[in-house]
$ cat query-v3.pdb   # PDB, C-alpha atoms and all ligand atoms
ATOM      1  CA  MET R   1      88.843  66.884 101.462
ATOM      2  CA  ARG R   2      87.211  69.800 103.249
ATOM      3  CA  SER R   3      85.518  72.340 101.015
ATOM      4  CA  ASN R   4      86.493  75.952 101.555
ATOM      5  CA  LEU R   5      83.122  77.213 100.412
ATOM      6  CA  ASN R   6      81.375  76.660 103.727
ATOM      7  CA  THR R   7      82.345  77.947 107.109
ATOM      8  CA  LEU R   8      83.477  75.401 109.667
ATOM      9  CA  TYR R   9      80.302  76.328 111.522
ATOM     10  CA  VAL R  10      78.160  74.969 108.687
ATOM     11  CA  GLU R  11      80.437  71.998 108.095
ATOM     12  CA  ILE R  12      80.264  70.707 111.647
ATOM     13  CA  GLY R  13      76.461  70.911 111.629
ATOM     14  CA  GLY R  14      75.762  74.380 113.024
ATOM     15  CA  GLN R  15      74.168  75.302 116.334
ATOM     16  CA  GLU R  16      72.763  71.826 116.957
ATOM     17  CA  THR R  17      76.273  70.361 117.030
ATOM     18  CA  ILE R  18      77.586  73.218 119.180
ATOM     19  CA  ASP R  19      74.781  72.631 121.706
ATOM     20  CA  LYS R  20      75.618  68.913 121.878
ATOM     21  CA  LEU R  21      79.293  69.693 122.285
ATOM     22  CA  VAL R  22      78.695  72.148 125.127
ATOM     23  CA  ASP R  23      76.447  69.609 126.893
ATOM     24  CA  ALA R  24      79.136  66.938 126.555
ATOM     25  CA  PHE R  25      82.005  69.252 127.560
ATOM     26  CA  TYR R  26      80.984  70.854 130.876
ATOM     27  CA  PRO R  27      80.247  67.669 132.862
ATOM     28  CA  ARG R  28      83.845  66.666 132.058
ATOM     29  CA  VAL R  29      85.144  70.040 133.249
ATOM     30  CA  TYR R  30      83.360  69.660 136.592
ATOM     31  CA  GLU R  31      84.764  66.153 136.989
ATOM     32  CA  ASP R  32      88.314  67.376 136.402
ATOM     33  CA  GLU R  33      90.120  68.213 139.654
ATOM     34  CA  GLU R  34      92.419  70.725 137.939
ATOM     35  CA  LEU R  35      89.580  72.643 136.337
ATOM     36  CA  ARG R  36      86.718  72.408 138.809
ATOM     37  CA  PRO R  37      88.066  75.102 141.186
ATOM     38  CA  LEU R  38      88.049  77.679 138.368
ATOM     39  CA  PHE R  39      84.426  77.198 137.409
ATOM     40  CA  GLU R  40      82.548  78.671 140.328
ATOM     41  CA  GLY R  41      80.167  80.795 138.285
ATOM     42  CA  ASP R  42      76.622  79.939 137.264
ATOM     43  CA  ILE R  43      76.882  76.830 135.087
ATOM     44  CA  GLU R  44      73.921  77.820 132.903
ATOM     45  CA  GLU R  45      75.458  81.202 132.189
ATOM     46  CA  ILE R  46      78.859  79.672 131.417
ATOM     47  CA  LYS R  47      77.289  77.159 129.029
ATOM     48  CA  ASN R  48      75.182  79.832 127.408
ATOM     49  CA  LYS R  49      78.216  81.994 126.710
ATOM     50  CA  GLN R  50      80.017  79.058 125.146
ATOM     51  CA  ARG R  51      76.946  78.197 123.029
ATOM     52  CA  MET R  52      77.068  81.780 121.739
ATOM     53  CA  PHE R  53      80.826  82.070 121.363
ATOM     54  CA  LEU R  54      81.705  78.887 119.470
ATOM     55  CA  PRO R  55      79.449  79.595 116.446
ATOM     56  CA  GLN R  56      81.203  82.923 115.978
ATOM     57  CA  PHE R  57      84.615  81.306 116.487
ATOM     58  CA  LEU R  58      83.798  79.020 113.527
ATOM     59  CA  GLY R  59      82.601  81.740 111.176
ATOM     60  CA  GLY R  60      78.889  81.472 112.035
ATOM     61  CA  PRO R  61      76.597  84.116 113.537
ATOM     62  CA  ALA R  62      78.284  86.561 115.939
ATOM     63  CA  LEU R  63      75.877  85.807 118.776
ATOM     64  CA  TYR R  64      78.445  86.332 121.506
ATOM     65  CA  SER R  65      79.606  89.764 120.328
ATOM     66  CA  GLN R  66      76.049  90.966 119.815
ATOM     67  CA  GLU R  67      75.436  90.441 123.515
ATOM     68  CA  PHE R  68      78.833  90.765 125.200
ATOM     69  CA  GLY R  69      80.979  92.850 122.848
ATOM     70  CA  PRO R  70      84.421  91.969 121.503
ATOM     71  CA  PRO R  71      85.476  88.392 122.340
ATOM     72  CA  ALA R  72      88.829  89.491 123.894
ATOM     73  CA  MET R  73      89.180  85.944 125.192
ATOM     74  CA  LYS R  74      92.736  86.330 126.415
ATOM     75  CA  SER R  75      91.814  89.257 128.669
ATOM     76  CA  ARG R  76      88.512  87.686 129.777
ATOM     77  CA  HIS R  77      90.535  84.702 130.990
ATOM     78  CA  LEU R  78      93.109  86.758 132.907
ATOM     79  CA  PRO R  79      91.214  86.598 136.233
ATOM     80  CA  PHE R  80      91.715  82.820 136.126
ATOM     81  CA  GLU R  81      95.034  81.100 136.692
ATOM     82  CA  ILE R  82      95.471  79.126 133.487
ATOM     83  CA  THR R  83      98.571  76.965 133.628
ATOM     84  CA  PRO R  84      99.855  74.737 130.811
ATOM     85  CA  LYS R  85      98.531  71.780 132.807
ATOM     86  CA  ARG R  86      95.040  73.299 132.972
ATOM     87  CA  ALA R  87      95.099  74.077 129.248
ATOM     88  CA  GLU R  88      95.937  70.418 128.653
ATOM     89  CA  CYS R  89      93.052  69.310 130.898
ATOM     90  CA  TRP R  90      90.656  71.702 129.151
ATOM     91  CA  LEU R  91      91.666  70.292 125.774
ATOM     92  CA  ASN R  92      91.296  66.731 127.045
ATOM     93  CA  CYS R  93      87.749  67.501 128.176
ATOM     94  CA  MET R  94      87.062  68.921 124.714
ATOM     95  CA  LYS R  95      88.555  65.888 123.043
ATOM     96  CA  GLY R  96      86.321  63.603 125.110
ATOM     97  CA  ALA R  97      83.295  65.697 124.185
ATOM     98  CA  PHE R  98      84.257  65.656 120.485
ATOM     99  CA  VAL R  99      84.580  61.868 120.586
ATOM    100  CA  GLU R 100      81.293  61.481 122.491
ATOM    101  CA  ILE R 101      79.286  63.360 119.865
ATOM    102  CA  GLY R 102      81.112  61.814 116.885
ATOM    103  CA  LEU R 103      82.908  64.979 115.812
ATOM    104  CA  TYR R 104      86.479  63.953 116.439
ATOM    105  CA  ASP R 105      86.969  61.723 113.422
ATOM    106  CA  THR R 106      85.600  64.120 110.828
ATOM    107  CA  PRO R 107      87.785  66.507 108.782
ATOM    108  CA  ALA R 108      85.797  69.566 109.890
ATOM    109  CA  GLY R 109      85.922  68.332 113.481
ATOM    110  CA  MET R 110      89.688  67.976 113.322
ATOM    111  CA  ALA R 111      90.030  71.481 111.893
ATOM    112  CA  PHE R 112      87.836  72.796 114.740
ATOM    113  CA  TYR R 113      89.820  70.913 117.388
ATOM    114  CA  ASN R 114      93.128  72.154 115.973
ATOM    115  CA  ARG R 115      91.899  75.736 116.312
ATOM    116  CA  LEU R 116      91.016  75.070 119.934
ATOM    117  CA  ILE R 117      94.548  73.767 120.550
ATOM    118  CA  GLN R 118      95.952  77.030 119.223
ATOM    119  CA  VAL R 119      93.641  79.256 121.237
ATOM    120  CA  ALA R 120      94.080  77.216 124.423
ATOM    121  CA  SER R 121      97.830  77.827 124.289
ATOM    122  CA  ILE R 122      97.223  81.574 123.934
ATOM    123  CA  MET R 123      94.990  81.485 127.051
ATOM    124  CA  VAL R 124      97.849  80.236 129.254
ATOM    125  CA  ASN R 125      98.724  83.038 131.691
ATOM    126  CA  SER R 126     100.495  81.264 134.609
ATOM    127  CA  SER R 127     103.261  78.716 135.077
ATOM    128  CA  ASP R 128     102.791  75.245 136.459
ATOM    129  CA  THR R 129     104.067  75.084 140.025
ATOM    130  CA  THR R 130     107.217  73.029 140.431
ATOM    131  CA  GLU R 131     106.203  71.232 143.607
ATOM    132  CA  GLU R 132     103.607  68.572 142.805
TER     133      GLU R 132
HETATM  134  C1  LIG J 201      93.057  76.825 128.096
HETATM  135  C2  LIG J 201      92.228  76.420 129.030
HETATM  136  C3  LIG J 201      91.001  77.175 129.448
HETATM  137  C4  LIG J 201      90.568  77.305 130.732
HETATM  138  C5  LIG J 201      91.216  76.706 131.976
HETATM  139  C6  LIG J 201      89.368  78.132 130.681
HETATM  140  C7  LIG J 201      88.637  78.537 131.786
HETATM  141  C8  LIG J 201      87.607  79.419 131.770
HETATM  142  C9  LIG J 201      86.960  79.965 132.936
HETATM  143  C10 LIG J 201      87.345  79.636 134.375
HETATM  144  C11 LIG J 201      85.980  80.797 132.517
HETATM  145  C12 LIG J 201      85.033  81.622 133.379
HETATM  146  C13 LIG J 201      83.881  80.810 133.860
HETATM  147  C14 LIG J 201      82.969  81.692 134.694
HETATM  148  O1  LIG J 201      82.375  82.630 134.151
HETATM  149  O2  LIG J 201      82.868  81.432 135.888
HETATM  150  C15 LIG J 201      85.999  80.772 131.074
HETATM  151  C16 LIG J 201      85.137  81.495 130.278
HETATM  152  C17 LIG J 201      85.072  81.359 128.925
HETATM  153  N1  LIG J 201      85.890  80.613 128.133
HETATM  154 FE1  LIG J 201      87.489  79.562 128.759
HETATM  155  N2  LIG J 201      89.086  78.463 129.386
HETATM  156  C18 LIG J 201      90.056  77.906 128.602
HETATM  157  C19 LIG J 201      90.122  77.990 127.224
HETATM  158  C20 LIG J 201      89.131  78.500 126.420
HETATM  159  C21 LIG J 201      89.125  78.435 124.978
HETATM  160  C22 LIG J 201      90.224  77.773 124.129
HETATM  161  C23 LIG J 201      87.986  79.036 124.561
HETATM  162  C24 LIG J 201      87.442  79.272 123.196
HETATM  163  C25 LIG J 201      88.016  78.926 122.079
HETATM  164  C26 LIG J 201      87.277  79.497 125.745
HETATM  165  C27 LIG J 201      86.073  80.169 125.742
HETATM  166  C28 LIG J 201      85.484  80.733 126.844
HETATM  167  C29 LIG J 201      84.316  81.610 126.792
HETATM  168  C30 LIG J 201      83.542  82.010 125.547
HETATM  169  C31 LIG J 201      84.069  82.025 128.091
HETATM  170  C32 LIG J 201      83.009  83.003 128.571
HETATM  171  C33 LIG J 201      83.653  84.379 128.606
HETATM  172  C34 LIG J 201      82.778  85.423 129.272
HETATM  173  O3  LIG J 201      82.822  85.551 130.491
HETATM  174  O4  LIG J 201      82.034  86.117 128.569
HETATM  175  N3  LIG J 201      88.005  79.150 126.847
HETATM  176  N4  LIG J 201      86.983  79.935 130.646
END
$ encode --input "query-v3.pdb" --output "structure tokens" --more "lines below"
Ligand code: HEM
Amino acid sequence: MRSNLNTLYVEIGGQETIDKLVDAFYPRVYEDEELRPLFEGDIEEIKNKQRMFLPQFLGGPALYSQEFGPPAMKSRHLPFEITPKRAECWLNCMKGAFVEIGLYDTPAGMAFYNRLIQVASIMVNSSDTTEE
């Protein structure tokens, strides 16, 4: 059973694990036809922000807020059309990355992934189109 004494950040293995996850995640995003069109910014900057945000999301150091201010993730995602389909693709890329680095089958990893499922659904700001 997962101890409540440590943050999820510590339990998953800290920054080293986050860095591995980010490296495993973004190549999948760029290979995904649904997601690729959204990610036109500088890949290094996008990865860097994620490397700073996820530790804070898991109760670790607030690196992201120290540099960029309040997370406000819902509003930061508003410029991008995030449909339920895209949220599903984003989560699938994450799942693949979790599996690749051996995080998916651990209790702390599952707790982390479940939090991402919740936040991904909050990020949805557009409907799927009916014609496909
Ligand atoms: C639901 C599906 C999601 C999609 C399609 C999506 C897409 C995007 C896009 C297009 C950007 C901007 C990239 C750029 O700067 O060019 C972005 C930024 C970001 N996303 Fe997501 N995202 C999703 C969910 C999430 C979730 C669940 C989290 C965290 C738990 C997250 C964390 C971030 C962070 C930290 C940034 C950088 C924000 C900034 O500009 O400072 N995203 N996302």
$ resolve_selection --input "query-v3.pdb" --expression "the PyMOL selection byres (((not hetatm)) within 9 of (chain J and resi 201))" --output "PyMOL selection string"
chain R and resi 34-43+45-54+57+64+68-69+71-74+76-77+79-91+115-124
$ resolve_selection --input "query-v3.pdb" --expression "the PyMOL selection byres (((chain R and resi 24) around 10) and not hetatm)" --output "PyMOL selection string"
chain R and resi 18-23+25-29+93-94+96-101
$ resolve_selection --input "query-v3.pdb" --expression "the PyMOL selection byres (((chain R and resi 13) around 12) and not hetatm)" --output "PyMOL selection string"
chain R and resi 6-12+14-21+55+58+60+101-103+106+108-109+112
$ closest_residue --input "query-v3.pdb" --among "R:Asn92, R:Ser75, R:Gly59, R:Pro70" --to "R:Glu31" --atoms "only C-alpha atoms"
R:Asn92
$ atom_distance --input "query-v3.pdb" --atom1 "atom CA of R:Pro107" --atom2 "atom CA of R:Ser65"
27.2 Å
$ atom_distance --input "query-v3.pdb" --atom1 "atom CA of R:Ala62" --atom2 "atom CA of R:Asn125"
26.0 Å
$ axis_aligned_box --input "query-v3.pdb" --around "stretch 54-72 of chain R" --padding-each-side "5 Å" --output "lines of an AutoDock Vina configuration file"
center_x = 82.1
center_y = 85.9
center_z = 118.2
size_x = 23.4
size_y = 24.0
size_z = 24.0
$ atom_distance --input "query-v3.pdb" --atom1 "atom CA of R:Lys95" --atom2 "atom CA of R:Asp128"
21.7 Å
$ build_atoms --input "query-v3.pdb" --residues "stretch 55-66 of chain R" --atoms "all heavy atoms" --output "CSV table (one decimal), in the coordinates of the input"
chain,number,residue,atom,x,y,z
R,55,PRO,N,79.9,79.4,117.8
R,55,PRO,CA,79.4,79.6,116.4
R,55,PRO,C,80.3,80.7,115.8
R,55,PRO,O,80.7,80.6,114.6
R,55,PRO,CB,78.0,80.0,116.6
R,55,PRO,CG,77.6,79.3,117.9
R,55,PRO,CD,78.8,79.4,118.8
R,56,GLN,N,80.5,81.8,116.5
R,56,GLN,CA,81.2,82.9,116.0
R,56,GLN,C,82.7,82.6,115.7
R,56,GLN,O,83.3,83.0,114.7
R,56,GLN,CB,81.0,84.1,117.0
R,56,GLN,CG,82.1,85.0,117.3
R,56,GLN,CD,81.5,86.2,118.1
R,56,GLN,OE1,80.4,86.2,118.6
R,56,GLN,NE2,82.3,87.2,118.2
R,57,PHE,N,83.2,81.8,116.6
R,57,PHE,CA,84.6,81.3,116.5
R,57,PHE,C,84.8,80.5,115.2
R,57,PHE,O,85.9,80.5,114.6
R,57,PHE,CB,84.9,80.4,117.7
R,57,PHE,CG,86.3,79.9,117.8
R,57,PHE,CD1,87.4,80.7,118.0
R,57,PHE,CD2,86.5,78.5,117.7
R,57,PHE,CE1,88.7,80.2,118.1
R,57,PHE,CE2,87.8,78.0,117.8
R,57,PHE,CZ,88.9,78.8,118.0
R,58,LEU,N,83.7,79.9,114.7
R,58,LEU,CA,83.8,79.0,113.5
R,58,LEU,C,83.2,79.7,112.3
R,58,LEU,O,83.0,79.1,111.3
R,58,LEU,CB,83.0,77.7,113.8
R,58,LEU,CG,83.6,76.9,114.9
R,58,LEU,CD1,82.7,75.7,115.2
R,58,LEU,CD2,85.0,76.4,114.6
R,59,GLY,N,83.1,81.0,112.4
R,59,GLY,CA,82.6,81.7,111.2
R,59,GLY,C,81.1,81.8,111.0
R,59,GLY,O,80.6,82.3,110.0
R,60,GLY,N,80.4,81.4,112.1
R,60,GLY,CA,78.9,81.5,112.0
R,60,GLY,C,78.4,82.8,112.6
R,60,GLY,O,79.2,83.7,112.7
R,61,PRO,N,77.2,82.9,113.0
R,61,PRO,CA,76.6,84.1,113.5
R,61,PRO,C,77.3,84.6,114.8
R,61,PRO,O,77.7,83.8,115.6
R,61,PRO,CB,75.1,83.8,113.9
R,61,PRO,CG,75.0,82.3,113.8
R,61,PRO,CD,76.2,81.8,113.0
R,62,ALA,N,77.5,85.9,114.9
R,62,ALA,CA,78.3,86.6,115.9
R,62,ALA,C,77.4,86.8,117.2
R,62,ALA,O,77.3,87.9,117.7
R,62,ALA,CB,78.9,87.9,115.5
R,63,LEU,N,76.8,85.7,117.7
R,63,LEU,CA,75.9,85.8,118.8
R,63,LEU,C,76.5,86.4,120.0
R,63,LEU,O,76.0,87.2,120.7
R,63,LEU,CB,75.3,84.4,119.1
R,63,LEU,CG,74.7,83.7,117.9
R,63,LEU,CD1,74.3,82.2,118.3
R,63,LEU,CD2,73.4,84.4,117.5
R,64,TYR,N,77.8,85.9,120.3
R,64,TYR,CA,78.4,86.3,121.5
R,64,TYR,C,78.7,87.8,121.5
R,64,TYR,O,78.4,88.5,122.4
R,64,TYR,CB,79.8,85.6,121.7
R,64,TYR,CG,80.5,85.9,122.9
R,64,TYR,CD1,80.3,85.3,124.1
R,64,TYR,CD2,81.4,87.0,122.9
R,64,TYR,CE1,80.9,85.6,125.3
R,64,TYR,CE2,82.1,87.3,124.1
R,64,TYR,CZ,81.9,86.7,125.3
R,64,TYR,OH,82.5,87.0,126.4
R,65,SER,N,79.3,88.3,120.4
R,65,SER,CA,79.6,89.8,120.3
R,65,SER,C,78.4,90.7,120.4
R,65,SER,O,78.4,91.8,120.9
R,65,SER,CB,80.4,90.1,119.1
R,65,SER,OG,81.7,89.6,119.3
R,66,GLN,N,77.3,90.2,119.8
R,66,GLN,CA,76.0,91.0,119.8
R,66,GLN,C,75.6,91.2,121.3
R,66,GLN,O,75.1,92.3,121.6
R,66,GLN,CB,74.9,90.2,119.1
R,66,GLN,CG,75.0,90.4,117.6
R,66,GLN,CD,74.2,89.4,116.8
R,66,GLN,OE1,73.3,88.8,117.3
R,66,GLN,NE2,74.6,89.1,115.6
